[in-house]
Amino acid sequence: MTRNTVIGDKRVLAADFLPNRMVHRGQERQEIADALRPVLEGERPRNVLVHGPPGTGKTTMARYVVDRLEEHIDLQYGFCNCWRNSSRFKIYYRLLNEMGSRMIHRTGTPTDKLVDDFESKVRNRPSVVVLDEVDQLEDEKVLYDMTRYNRTGLIMIANQENVFYDLDERIRSSLSSRKNVRFSAYTHEEIVDILRDRRQWGLRDGAVEDELLHRIADTVSGDARVAINALRIAAEKAEKEGLEQIPEEFIDDALPEAEELTETESLDKLNSDQQALYEILRQEETLRPRELYDRYRSKVEKPKVDRTLRNYLSEMEKYGLVESRGQGTGTEYVLTD
């Protein structure tokens, strides 16, 4: 059996790997932990909105804080990505499964039954719910639901702080006491530190020089996902060729591939309505909002309202899939080059 020449632990080189320690983000970690701390004493925790650009560690940090909490208390934990599970039914179905309820039939079970089951499950036991991509919710009543559970901490993750701007007043009021925690884009040196950590635990000694980690950090605009994926892609290529050190040209080749991979992962998460918008722009190249909405409504059986479509496009823009140009009535949407 051929020994590994570059990679020590491939799991560590995955962008979504949850490390035993978090590099940087100490203040943000403390703010999230302080908001949830009351759950340790059986008291009501404070809800948290974690916001910032993609690739800044929001989801990883939320999972990390919950992991640390589970070391001190018997905690129920549920995670749901609202981009992939945007309806109220799908969110409760996902959370109940995450919390160990396996006897739920996906077809034929009414949403109210899932809500009642969830409420019974969290009524007398400390719980934390993480709703990732919370701005993709189709039924915002889920947020109001979550504020009614006295022993449940809610971590909401979004790209922008104003995610609740258009919500119903009752829902906004129920979330008014939340703690907002902003994650800024990583600096060059922070990206290098993150890559050094992945190198230490994921690669063999001497596999990649610091100079090449700086080269990655120069290119990724503070996005840790792209940086880690680039390191992994280059390491896998070096491993395949039996090298003991990653050469510079492998890093250069890996960077555009990592960016493309990030875009593909974002495309894979699009729901059917977002896919319709994307395909229309792919065919038409440039459209103003009204033209885009009209074409969309001619293609789908159950179209969404304009506000939902604006939210969809905004989310797609944050992930680098589409771009808006101009302002006001002159705004146009195009696919990102």
# chains A, B, ... in the order shown; residues from 1 in each chain; ligands from 1
>>> residues_around(residues="Thr109 in chain A", least_positions_apart="5", cutoff="12 Å", atoms="only C-alpha atoms", output="ChimeraX atom specification")
/A:89-90,92-93,103-104,114-117
>>> residues_around(residues="Glu284 in chain A", least_positions_apart="3", cutoff="12 Å", atoms="only C-alpha atoms", output="ChimeraX atom specification")
/A:277-281,287-288,291-292,295-296,332-335
>>> write_last_selection(atoms="all heavy atoms", output="CSV table (one decimal), in the first residue's frame")
chain,number,residue,atom,x,y,z
A,277,LEU,N,-34.9,31.7,-12.2
A,277,LEU,CA,-34.3,33.0,-12.4
A,277,LEU,C,-32.9,32.9,-13.0
A,277,LEU,O,-32.6,33.7,-13.9
A,277,LEU,CB,-34.2,33.7,-11.0
A,277,LEU,CG,-35.5,34.1,-10.4
A,277,LEU,CD1,-35.3,34.5,-8.9
A,277,LEU,CD2,-36.2,35.2,-11.1
A,278,TYR,N,-32.1,32.0,-12.5
A,278,TYR,CA,-30.7,31.8,-13.0
A,278,TYR,C,-30.8,31.4,-14.5
A,278,TYR,O,-30.0,32.0,-15.3
A,278,TYR,CB,-30.0,30.8,-12.2
A,278,TYR,CG,-28.5,30.6,-12.6
A,278,TYR,CD1,-27.6,31.4,-11.9
A,278,TYR,CD2,-28.1,29.7,-13.5
A,278,TYR,CE1,-26.2,31.3,-12.2
A,278,TYR,CE2,-26.8,29.6,-13.8
A,278,TYR,CZ,-25.8,30.4,-13.2
A,278,TYR,OH,-24.5,30.3,-13.5
A,279,GLU,N,-31.6,30.5,-14.9
A,279,GLU,CA,-31.7,30.0,-16.3
A,279,GLU,C,-32.2,31.1,-17.2
A,279,GLU,O,-31.7,31.2,-18.3
A,279,GLU,CB,-32.6,28.8,-16.4
A,279,GLU,CG,-32.0,27.5,-15.9
A,279,GLU,CD,-30.7,27.2,-16.6
A,279,GLU,OE1,-30.7,27.3,-17.9
A,279,GLU,OE2,-29.7,26.9,-16.0
A,280,ILE,N,-33.1,31.9,-16.7
A,280,ILE,CA,-33.6,33.1,-17.6
A,280,ILE,C,-32.4,34.0,-17.8
A,280,ILE,O,-32.2,34.5,-19.0
A,280,ILE,CB,-34.8,33.8,-16.9
A,280,ILE,CG1,-36.0,32.9,-16.8
A,280,ILE,CG2,-35.1,35.1,-17.6
A,280,ILE,CD1,-37.1,33.4,-15.9
A,281,LEU,N,-31.7,34.3,-16.8
A,281,LEU,CA,-30.5,35.3,-17.0
A,281,LEU,C,-29.5,34.6,-17.8
A,281,LEU,O,-28.8,35.3,-18.6
A,281,LEU,CB,-30.0,35.7,-15.6
A,281,LEU,CG,-30.8,36.6,-14.8
A,281,LEU,CD1,-30.2,36.8,-13.4
A,281,LEU,CD2,-30.9,38.0,-15.5
A,287,LEU,N,-31.3,41.6,-17.8
A,287,LEU,CA,-32.7,42.0,-17.7
A,287,LEU,C,-32.9,42.9,-16.6
A,287,LEU,O,-32.2,42.8,-15.5
A,287,LEU,CB,-33.5,40.7,-17.5
A,287,LEU,CG,-33.7,39.8,-18.7
A,287,LEU,CD1,-34.5,38.5,-18.2
A,287,LEU,CD2,-34.5,40.4,-19.8
A,288,ARG,N,-33.9,43.8,-16.7
A,288,ARG,CA,-34.3,44.6,-15.6
A,288,ARG,C,-35.3,43.8,-14.7
A,288,ARG,O,-35.9,42.8,-15.2
A,288,ARG,CB,-35.0,45.9,-16.1
A,288,ARG,CG,-34.1,46.8,-16.8
A,288,ARG,CD,-34.7,48.2,-17.2
A,288,ARG,NE,-33.7,49.1,-17.7
A,288,ARG,CZ,-34.0,50.3,-18.1
A,288,ARG,NH1,-35.3,50.8,-18.1
A,288,ARG,NH2,-33.1,51.1,-18.6
A,291,GLU,N,-38.8,42.8,-16.2
A,291,GLU,CA,-38.7,41.9,-17.3
A,291,GLU,C,-38.3,40.5,-16.8
A,291,GLU,O,-38.9,39.5,-17.2
A,291,GLU,CB,-37.6,42.4,-18.2
A,291,GLU,CG,-37.8,43.7,-18.9
A,291,GLU,CD,-36.6,44.2,-19.7
A,291,GLU,OE1,-35.5,44.0,-19.2
A,291,GLU,OE2,-36.8,44.9,-20.7
A,292,LEU,N,-37.4,40.4,-15.8
A,292,LEU,CA,-37.0,39.2,-15.2
A,292,LEU,C,-38.2,38.5,-14.5
A,292,LEU,O,-38.5,37.3,-14.7
A,292,LEU,CB,-35.9,39.4,-14.3
A,292,LEU,CG,-35.3,38.1,-13.5
A,292,LEU,CD1,-34.9,37.0,-14.5
A,292,LEU,CD2,-34.2,38.5,-12.6
A,295,ARG,N,-40.8,37.1,-17.1
A,295,ARG,CA,-40.4,35.9,-17.7
A,295,ARG,C,-40.4,34.7,-16.7
A,295,ARG,O,-40.8,33.6,-17.1
A,295,ARG,CB,-38.9,36.1,-18.3
A,295,ARG,CG,-38.9,36.8,-19.6
A,295,ARG,CD,-37.5,37.2,-20.0
A,295,ARG,NE,-37.4,37.8,-21.3
A,295,ARG,CZ,-37.8,39.0,-21.6
A,295,ARG,NH1,-38.3,39.8,-20.7
A,295,ARG,NH2,-37.6,39.5,-22.8
A,296,TYR,N,-40.0,35.0,-15.5
A,296,TYR,CA,-40.1,34.0,-14.5
A,296,TYR,C,-41.5,33.5,-14.3
A,296,TYR,O,-41.8,32.2,-14.2
A,296,TYR,CB,-39.6,34.5,-13.1
A,296,TYR,CG,-40.1,33.9,-11.9
A,296,TYR,CD1,-39.5,32.7,-11.4
A,296,TYR,CD2,-41.1,34.4,-11.2
A,296,TYR,CE1,-39.9,32.1,-10.3
A,296,TYR,CE2,-41.6,33.8,-10.0
A,296,TYR,CZ,-41.0,32.6,-9.6
A,296,TYR,OH,-41.4,32.0,-8.4
A,332,GLU,N,-30.2,46.6,-13.5
A,332,GLU,CA,-30.3,45.4,-14.4
A,332,GLU,C,-29.6,44.2,-13.7
A,332,GLU,O,-28.6,44.4,-12.9
A,332,GLU,CB,-29.6,45.7,-15.7
A,332,GLU,CG,-30.3,46.7,-16.6
A,332,GLU,CD,-29.6,46.9,-17.9
A,332,GLU,OE1,-28.3,46.8,-17.9
A,332,GLU,OE2,-30.2,47.3,-18.9
A,333,TYR,N,-30.0,43.0,-14.0
A,333,TYR,CA,-29.4,41.8,-13.4
A,333,TYR,C,-28.7,41.1,-14.5
A,333,TYR,O,-29.2,40.9,-15.6
A,333,TYR,CB,-30.4,40.9,-12.8
A,333,TYR,CG,-30.9,41.4,-11.4
A,333,TYR,CD1,-32.2,42.0,-11.3
A,333,TYR,CD2,-30.1,41.3,-10.3
A,333,TYR,CE1,-32.6,42.4,-10.1
A,333,TYR,CE2,-30.6,41.7,-9.1
A,333,TYR,CZ,-31.8,42.3,-9.0
A,333,TYR,OH,-32.3,42.7,-7.7
A,334,VAL,N,-27.5,40.6,-14.2
A,334,VAL,CA,-26.7,39.7,-15.1
A,334,VAL,C,-26.1,38.6,-14.3
A,334,VAL,O,-25.9,38.7,-13.1
A,334,VAL,CB,-25.6,40.5,-15.9
A,334,VAL,CG1,-26.2,41.6,-16.7
A,334,VAL,CG2,-24.6,41.1,-14.9
A,335,LEU,N,-25.7,37.5,-15.0
A,335,LEU,CA,-24.9,36.5,-14.3
A,335,LEU,C,-23.5,37.0,-14.1
A,335,LEU,O,-22.9,37.8,-14.9
A,335,LEU,CB,-24.8,35.2,-15.2
A,335,LEU,CG,-26.2,34.5,-15.4
A,335,LEU,CD1,-25.9,33.1,-16.0
A,335,LEU,CD2,-26.9,34.3,-14.1
>>> atom_distance(atom1="CA of Thr111 in chain A", atom2="CA of Glu138 in chain A")
13.9 Å
>>> closest_residue(among="A:Leu175, A:Leu137, A:Met316, A:Val181", to="Pro54 in chain A", atoms="only C-alpha atoms")
A:Met316
>>> closest_residue(among="A:Tyr186, A:Tyr64, A:Phe250, A:Tyr144", to="Ser221 in chain A", atoms="only C-alpha atoms")
A:Tyr186
